[in-house]
Amino acid sequence: MGSSPGLGTDLPAHVQELCTRAMDATGVAMFVTGPRSAEMPIVWVNRAFERQTGFTAAEVLGRSPQVLESLLANPVDAQQLRAAVADERELTYTVRTFRRDGVAVWTQLSLAPLTGPDGTVTHWVGAQVDVSEHLDRYAAQVASLALERRERAVLDVVSRSSDLLADLDQPYALRDITALLAGYVVDWAGFYLNDDGLRYAEGVDTAAPPSGRGQRHGRYTPGVLPLAPGVHATDALGDSASVTGSVPRVRVDVPDRVQDVLDGRIEGPVTLDLSATYPQWSASGWLQRDLHHRLSGLPRRPGSVTVSAVPGRRRILGLLVTGDLPDTPPQGFGTDAEAREGVRTLLQVIARRAGTAIDNVRLYAREHRLAETLQRAMLPEQADVTGLDVWTYYAPNSEHAQVGGDWYDVLQIAPDVVGLVIGDVVGHDVEAAAAMGQLRSVVRSYAYELTTPGPVLERVDQLVQGMRIPRSASLVYAALTQPDAAQPEDTWRIEYSRAGHLPPLLLRDGTVTQLDDAGGALVGFGGRSRSTGVATLLPGDTLVFYTDGLIERRDRALRVGLEALVAASEAVTAVDAAGVGEELLSRLADAPEDDVALVVVRIPDPQRDASAVVLSPRSRRWLLPSEPASIGRARHAVVRTCQAWGVRESANAELVVSELVANGVLHGWGHLALRLFDTGDGIRVEVEDSNPAPPVPTDGHPNRMGGFGMQIVERLADWGWRPTASGKLVWATLRPSGR
């Protein structure tokens, strides 16, 4: 391998020799060929060429470059090289080649023409660089990037579906998830929940218990199947044989893979062929028929679907059914094979998350229904007490699932005796509420039997000790006796006894007295007799019974909270029980940290009430049981409120409230929330119930009375309604009397 003609012949000989030695010693494989006219014989190669190709110089010198073409993995690469030589242009090209020993390598080939003094191409010089390591590293980076893109695409869909799953209370949450999948990840998607059998689901039935009610579709195990006379076995088994005889019987054992997924026998996913024949009673057959109906409107119906389980905590809740991949793989999911694997992983993740979310929302709904049931049991269905203005309020802490241990009761024990109870059980869970319910029943029973507070609590202690109620509790029981011949006509008498509870307050002419006599240990811990405190009540006096949630805060002692309550009570100006309660709540219960129960009892004073200056909030609220007696209570409450606010013409407000509450009682369920506001332009009435259906004005009911309530409201007020979290709220703003 000496110097070659045409390579820098104008250079001194020692420089040419130096260049030749340098090219021979370099680590880059190089070779030189003759001109194309002489079929480009190889005239020189360096040692790096021998190492890289596996050919020795003796084996390639003088031979055509076709010996190198045989090393190319792709014939197209040879065409590219020939085209460059024909055009006498320089070329740099990356090709996949084989060494002589068969090892594949990636080579960056550079080929350039060398011209003589007359400008014609006399030689071609080539250089080969092994770039296998670089390309392998690049391929690994590309694969890693593709994997990252697939993972990001999966995470994006999972994230968006998780956002939808977080709001499963809305009626079309599952439909929105399948709409997210359809057209992007798969051709079609749908959820089926196994609630008393499979059903297509756009949302979640929260009334179903956690983990569903699940029901098999009647899959037959090996045995005999009776068929009606004249029925073909094809109808049940997909068999073409006709069955004859009066009561033919056919032995069947048909696999039902969809039912196997529902039963948890196989993990899935499984493929359901929509063109196959399945037993009519099977889950596969039912699903096939439903899919034929639902997919009939698609421009391209899939021939099969993938059925994935939607697992709950205890059992399979349903199925996620998906069609094929779309014609174009989802962006970021890679090739078809990669996309199918990525989509399969994605569908499994979404199905698992959907199952967990469905279980959670059903569990929460079940606890919420239980809480509401206990809540309704806590609230007394009190009647109006003649001669007294009574207002009650209860608000469980919003942090505790709407369940608490505070309670109150207003009892008409006898025509001349009214019982008042307020209590607090330790805790904010279902157990505390259950203990409260037991205590409430016990106190009610003995209150009607004994009446006098001290003996009542003694009997309660005895029974509670025997019942072993697990939660400690405090309470106040008071008995109010109406005037008799031995007392002035307008005075009342209160007897009370306290079992570890905060003292009631007596408000009289701006002075507050704590009724702190007759104290004792918590309920069930009374080892000795209970005493009874006595006080006389005058017209205008107000009694305030409360639980510690009204005054207790983490940043202050309970004694300081009681002092704040006394100070707030001294500043009360309201002349109705509801107004007194609203003033106390506005000053003390803006951010309660515990359940709040409040009972306000006031003895009206018609003479002084008419001239009193009232600065209380111009809003009132009541919680009424869904019973006809609440209509009268609501009317009386409105009349008292209008008197307190100095609204002379209360008849219209009374009539509107009567109609709205009557509608709530007739057409709603649960307790009714009644609210009154003085907007400055008129009285605004709000009635909330648990029926989400809106009120509809009618032209009356043919052949029977009624049906004109909302027409009356329309005549007297501007009204409307809006949905709430638990039902609906109907509002009406009374027009000024001049309109």
# chains A, B, ... in the order shown; residues from 1 in each chain; ligands from 1

$ residues_around --residues "Val131 in chain A" --least-positions-apart "3" --cutoff "6 Å" --atoms "only C-alpha atoms" --output "ChimeraX atom specification"
/A:106-107,134

$ select_by_dssp --residues "range 22-231 of chain A" --states "strand (DSSP E or B)" --output "ChimeraX atom specification"
/A:29-33,42-45,72,91-98,104-115,121-130,182,186,189-194,198-201,223-226

$ closest_residue --among "A:Arg635, A:Pro171, A:Gly264, A:Met436" --to "Ala651 in chain A" --atoms "only C-alpha atoms"
A:Arg635

$ residues_around --residues "range 516-526 of chain A" --least-positions-apart "5" --cutoff "8 Å" --atoms "only C-alpha atoms" --output "ChimeraX atom specification"
/A:457-458,460-465,472-475,496-504,531-533

$ closest_atom_pairs --of "range 87-185 of chain A" --to "range 57-67 of chain A" --cutoff "12 Å" --atoms "only C-alpha atoms" --output "CSV"
residue,atom,partner,partner_atom,distance
A:Phe98,CA,A:Val67,CA,12.0
A:Arg99,CA,A:Val67,CA,11.9
A:Arg100,CA,A:Val67,CA,10.6
A:Trp124,CA,A:Pro65,CA,11.0
A:Val125,CA,A:Pro65,CA,11.9
A:Gly126,CA,A:Pro65,CA,10.9

$ atom_distance --atom1 "CA of Leu674 in chain A" --atom2 "CA of Arg620 in chain A"
8.2 Å

$ closest_residue --among "A:Ala283, A:Val28, A:Leu111, A:Val442" --to "His123 in chain A" --atoms "only C-alpha atoms"
A:Leu111

$ closest_residue --among "A:Gln438, A:Thr511, A:Gln288, A:Ser619" --to "Ala568 in chain A" --atoms "only C-alpha atoms"
A:Thr511

$ atom_distance --atom1 "CA of Leu388 in chain A" --atom2 "CA of Ala612 in chain A"
18.5 Å

$ closest_residue --among "A:Phe191, A:Ser616, A:Glu88, A:Ser586" --to "Thr120 in chain A" --atoms "only C-alpha atoms"
A:Glu88

$ atom_distance --atom1 "CA of Arg96 in chain A" --atom2 "CA of Met23 in chain A"
23.9 Å

$ residues_around --residues "Val305 in chain A" --least-positions-apart "6" --cutoff "8 Å" --atoms "only C-alpha atoms" --output "short mmCIF file (atom, residue, chain, number, x, y, z; two decimals) with all heavy atoms, in the first residue's frame"
data_model
loop_
_atom_site.label_atom_id
_atom_site.label_comp_id
_atom_site.auth_asym_id
_atom_site.auth_seq_id
_atom_site.Cartn_x
_atom_site.Cartn_y
_atom_site.Cartn_z
N THR A 271 -62.26 -11.29 25.38
CA THR A 271 -62.79 -10.80 24.10
C THR A 271 -64.15 -11.44 23.85
O THR A 271 -64.31 -12.67 23.99
CB THR A 271 -61.83 -11.14 22.95
OG1 THR A 271 -60.57 -10.50 23.20
CG2 THR A 271 -62.39 -10.65 21.62
N LEU A 272 -65.13 -10.63 23.50
CA LEU A 272 -66.48 -11.11 23.19
C LEU A 272 -66.71 -10.95 21.70
O LEU A 272 -66.75 -9.82 21.17
CB LEU A 272 -67.53 -10.32 23.98
CG LEU A 272 -68.99 -10.75 23.76
CD1 LEU A 272 -69.22 -12.13 24.37
CD2 LEU A 272 -69.95 -9.73 24.37
N ASP A 273 -66.84 -12.07 21.01
CA ASP A 273 -67.10 -12.07 19.57
C ASP A 273 -68.57 -11.75 19.34
O ASP A 273 -69.45 -12.50 19.76
CB ASP A 273 -66.74 -13.43 18.99
CG ASP A 273 -66.83 -13.44 17.46
OD1 ASP A 273 -67.28 -12.43 16.88
OD2 ASP A 273 -66.45 -14.46 16.86
N LEU A 274 -68.83 -10.64 18.67
CA LEU A 274 -70.21 -10.21 18.48
C LEU A 274 -70.93 -10.99 17.38
O LEU A 274 -72.15 -10.84 17.22
CB LEU A 274 -70.25 -8.71 18.15
CG LEU A 274 -69.71 -7.79 19.23
CD1 LEU A 274 -69.85 -6.33 18.82
CD2 LEU A 274 -70.42 -8.03 20.56
N VAL A 321 -66.62 -2.10 28.79
CA VAL A 321 -66.62 -2.73 27.47
C VAL A 321 -66.10 -1.73 26.46
O VAL A 321 -66.58 -0.59 26.39
CB VAL A 321 -68.05 -3.20 27.10
CG1 VAL A 321 -68.04 -3.88 25.74
CG2 VAL A 321 -68.59 -4.14 28.17
N THR A 322 -65.11 -2.16 25.65
CA THR A 322 -64.48 -1.25 24.69
C THR A 322 -64.38 -1.93 23.34
O THR A 322 -64.20 -3.15 23.24
CB THR A 322 -63.07 -0.83 25.15
OG1 THR A 322 -62.29 -2.01 25.41
CG2 THR A 322 -63.16 0.00 26.41
N GLY A 323 -64.48 -1.11 22.27
CA GLY A 323 -64.29 -1.60 20.91
C GLY A 323 -62.82 -1.63 20.55
O GLY A 323 -61.93 -1.51 21.41
N ASP A 324 -62.51 -1.79 19.25
CA ASP A 324 -61.14 -1.89 18.79
C ASP A 324 -60.44 -0.54 18.86
O ASP A 324 -61.06 0.50 19.08
CB ASP A 324 -61.10 -2.42 17.35
CG ASP A 324 -61.75 -3.79 17.24
OD1 ASP A 324 -61.66 -4.55 18.21
OD2 ASP A 324 -62.34 -4.07 16.18
#

$ closest_residue --among "A:Arg675, A:Arg608, A:Arg684, A:Arg36" --to "Ala637 in chain A" --atoms "only C-alpha atoms"
A:Arg675

$ residues_around --residues "Pro695 in chain A" --least-positions-apart "3" --cutoff "12 Å" --atoms "only C-alpha atoms" --output "JSON, numbers by chain"
{"A": [659, 660, 661, 662, 663, 664, 666, 667, 668, 687, 688, 689, 691, 692, 698, 707, 708, 709, 710, 711, 713, 719, 720, 721, 722, 723, 727, 728, 729, 730, 731]}

$ write_last_selection --atoms "N, CA and C atoms" --output "PDB file, in the first residue's frame"
ATOM      1  N   GLU A 659     -98.778  28.374  51.770  1.00  0.00           N
ATOM      2  CA  GLU A 659     -98.839  27.613  50.515  1.00  0.00           C
ATOM      3  C   GLU A 659     -97.518  26.899  50.232  1.00  0.00           C
ATOM      4  N   LEU A 660     -96.388  27.586  50.446  1.00  0.00           N
ATOM      5  CA  LEU A 660     -95.096  26.965  50.144  1.00  0.00           C
ATOM      6  C   LEU A 660     -94.806  25.805  51.087  1.00  0.00           C
ATOM      7  N   VAL A 661     -95.089  25.981  52.372  1.00  0.00           N
ATOM      8  CA  VAL A 661     -94.863  24.891  53.316  1.00  0.00           C
ATOM      9  C   VAL A 661     -95.826  23.733  53.035  1.00  0.00           C
ATOM     10  N   ALA A 662     -97.069  24.049  52.679  1.00  0.00           N
ATOM     11  CA  ALA A 662     -98.032  22.989  52.350  1.00  0.00           C
ATOM     12  C   ALA A 662     -97.547  22.176  51.152  1.00  0.00           C
ATOM     13  N   ASN A 663     -96.997  22.854  50.131  1.00  0.00           N
ATOM     14  CA  ASN A 663     -96.448  22.128  48.985  1.00  0.00           C
ATOM     15  C   ASN A 663     -95.295  21.229  49.409  1.00  0.00           C
ATOM     16  N   GLY A 664     -94.441  21.760  50.313  1.00  0.00           N
ATOM     17  CA  GLY A 664     -93.333  20.945  50.795  1.00  0.00           C
ATOM     18  C   GLY A 664     -93.803  19.717  51.552  1.00  0.00           C
ATOM     19  N   LEU A 666     -96.788  18.209  51.164  1.00  0.00           N
ATOM     20  CA  LEU A 666     -97.527  17.311  50.277  1.00  0.00           C
ATOM     21  C   LEU A 666     -96.623  16.603  49.281  1.00  0.00           C
ATOM     22  N   HIS A 667     -95.660  17.334  48.729  1.00  0.00           N
ATOM     23  CA  HIS A 667     -94.891  16.799  47.601  1.00  0.00           C
ATOM     24  C   HIS A 667     -93.430  16.527  47.924  1.00  0.00           C
ATOM     25  N   GLY A 668     -92.945  16.975  49.063  1.00  0.00           N
ATOM     26  CA  GLY A 668     -91.549  16.749  49.411  1.00  0.00           C
ATOM     27  C   GLY A 668     -91.400  15.635  50.427  1.00  0.00           C
ATOM     28  N   VAL A 687     -88.333  28.130  51.262  1.00  0.00           N
ATOM     29  CA  VAL A 687     -88.702  26.830  51.801  1.00  0.00           C
ATOM     30  C   VAL A 687     -87.895  25.773  51.053  1.00  0.00           C
ATOM     31  N   GLU A 688     -87.140  24.978  51.794  1.00  0.00           N
ATOM     32  CA  GLU A 688     -86.289  23.945  51.190  1.00  0.00           C
ATOM     33  C   GLU A 688     -86.765  22.571  51.633  1.00  0.00           C
ATOM     34  N   ASP A 689     -86.869  21.640  50.659  1.00  0.00           N
ATOM     35  CA  ASP A 689     -87.213  20.258  50.983  1.00  0.00           C
ATOM     36  C   ASP A 689     -86.301  19.329  50.199  1.00  0.00           C
ATOM     37  N   ASN A 691     -87.144  17.041  47.880  1.00  0.00           N
ATOM     38  CA  ASN A 691     -87.630  16.592  46.571  1.00  0.00           C
ATOM     39  C   ASN A 691     -87.045  17.511  45.493  1.00  0.00           C
ATOM     40  N   PRO A 692     -86.209  16.973  44.585  1.00  0.00           N
ATOM     41  CA  PRO A 692     -85.589  17.842  43.575  1.00  0.00           C
ATOM     42  C   PRO A 692     -86.540  18.315  42.487  1.00  0.00           C
ATOM     43  N   THR A 698    -100.557  25.026  38.378  1.00  0.00           N
ATOM     44  CA  THR A 698    -101.590  24.299  37.630  1.00  0.00           C
ATOM     45  C   THR A 698    -102.870  25.123  37.602  1.00  0.00           C
ATOM     46  N   GLY A 707    -104.881  22.582  44.177  1.00  0.00           N
ATOM     47  CA  GLY A 707    -104.150  22.788  42.939  1.00  0.00           C
ATOM     48  C   GLY A 707    -103.949  24.239  42.580  1.00  0.00           C
ATOM     49  N   PHE A 708    -104.409  25.172  43.445  1.00  0.00           N
ATOM     50  CA  PHE A 708    -104.309  26.599  43.114  1.00  0.00           C
ATOM     51  C   PHE A 708    -103.227  27.305  43.940  1.00  0.00           C
ATOM     52  N   GLY A 709    -102.423  26.539  44.700  1.00  0.00           N
ATOM     53  CA  GLY A 709    -101.478  27.157  45.625  1.00  0.00           C
ATOM     54  C   GLY A 709    -100.486  28.075  44.951  1.00  0.00           C
ATOM     55  N   MET A 710     -99.818  27.606  43.889  1.00  0.00           N
ATOM     56  CA  MET A 710     -98.807  28.430  43.241  1.00  0.00           C
ATOM     57  C   MET A 710     -99.436  29.602  42.497  1.00  0.00           C
ATOM     58  N   GLN A 711    -100.710  29.476  42.085  1.00  0.00           N
ATOM     59  CA  GLN A 711    -101.386  30.634  41.492  1.00  0.00           C
ATOM     60  C   GLN A 711    -101.563  31.735  42.529  1.00  0.00           C
ATOM     61  N   VAL A 713     -99.575  32.201  45.099  1.00  0.00           N
ATOM     62  CA  VAL A 713     -98.235  32.762  45.311  1.00  0.00           C
ATOM     63  C   VAL A 713     -97.881  33.731  44.188  1.00  0.00           C
ATOM     64  N   TRP A 719     -91.660  34.780  42.452  1.00  0.00           N
ATOM     65  CA  TRP A 719     -91.151  33.537  43.020  1.00  0.00           C
ATOM     66  C   TRP A 719     -90.303  32.787  42.008  1.00  0.00           C
ATOM     67  N   GLY A 720     -89.566  31.829  42.509  1.00  0.00           N
ATOM     68  CA  GLY A 720     -88.726  30.982  41.670  1.00  0.00           C
ATOM     69  C   GLY A 720     -88.210  29.820  42.496  1.00  0.00           C
ATOM     70  N   TRP A 721     -87.314  29.066  41.918  1.00  0.00           N
ATOM     71  CA  TRP A 721     -86.746  27.917  42.632  1.00  0.00           C
ATOM     72  C   TRP A 721     -85.358  27.643  42.091  1.00  0.00           C
ATOM     73  N   ARG A 722     -84.582  26.896  42.848  1.00  0.00           N
ATOM     74  CA  ARG A 722     -83.256  26.459  42.415  1.00  0.00           C
ATOM     75  C   ARG A 722     -82.933  25.131  43.083  1.00  0.00           C
ATOM     76  N   PRO A 723     -82.157  24.288  42.389  1.00  0.00           N
ATOM     77  CA  PRO A 723     -81.780  23.005  43.010  1.00  0.00           C
ATOM     78  C   PRO A 723     -80.759  23.218  44.118  1.00  0.00           C
ATOM     79  N   GLY A 727     -81.964  18.626  47.438  1.00  0.00           N
ATOM     80  CA  GLY A 727     -83.328  18.726  46.910  1.00  0.00           C
ATOM     81  C   GLY A 727     -83.535  20.009  46.148  1.00  0.00           C
ATOM     82  N   LYS A 728     -84.441  20.853  46.625  1.00  0.00           N
ATOM     83  CA  LYS A 728     -84.701  22.128  45.951  1.00  0.00           C
ATOM     84  C   LYS A 728     -85.064  23.187  46.985  1.00  0.00           C
ATOM     85  N   LEU A 729     -84.946  24.429  46.575  1.00  0.00           N
ATOM     86  CA  LEU A 729     -85.336  25.572  47.402  1.00  0.00           C
ATOM     87  C   LEU A 729     -86.299  26.428  46.593  1.00  0.00           C
ATOM     88  N   VAL A 730     -87.468  26.698  47.143  1.00  0.00           N
ATOM     89  CA  VAL A 730     -88.467  27.562  46.510  1.00  0.00           C
ATOM     90  C   VAL A 730     -88.488  28.882  47.272  1.00  0.00           C
ATOM     91  N   TRP A 731     -88.360  29.981  46.527  1.00  0.00           N
ATOM     92  CA  TRP A 731     -88.339  31.299  47.170  1.00  0.00           C
ATOM     93  C   TRP A 731     -89.467  32.169  46.623  1.00  0.00           C
TER      94      TRP A 731
END
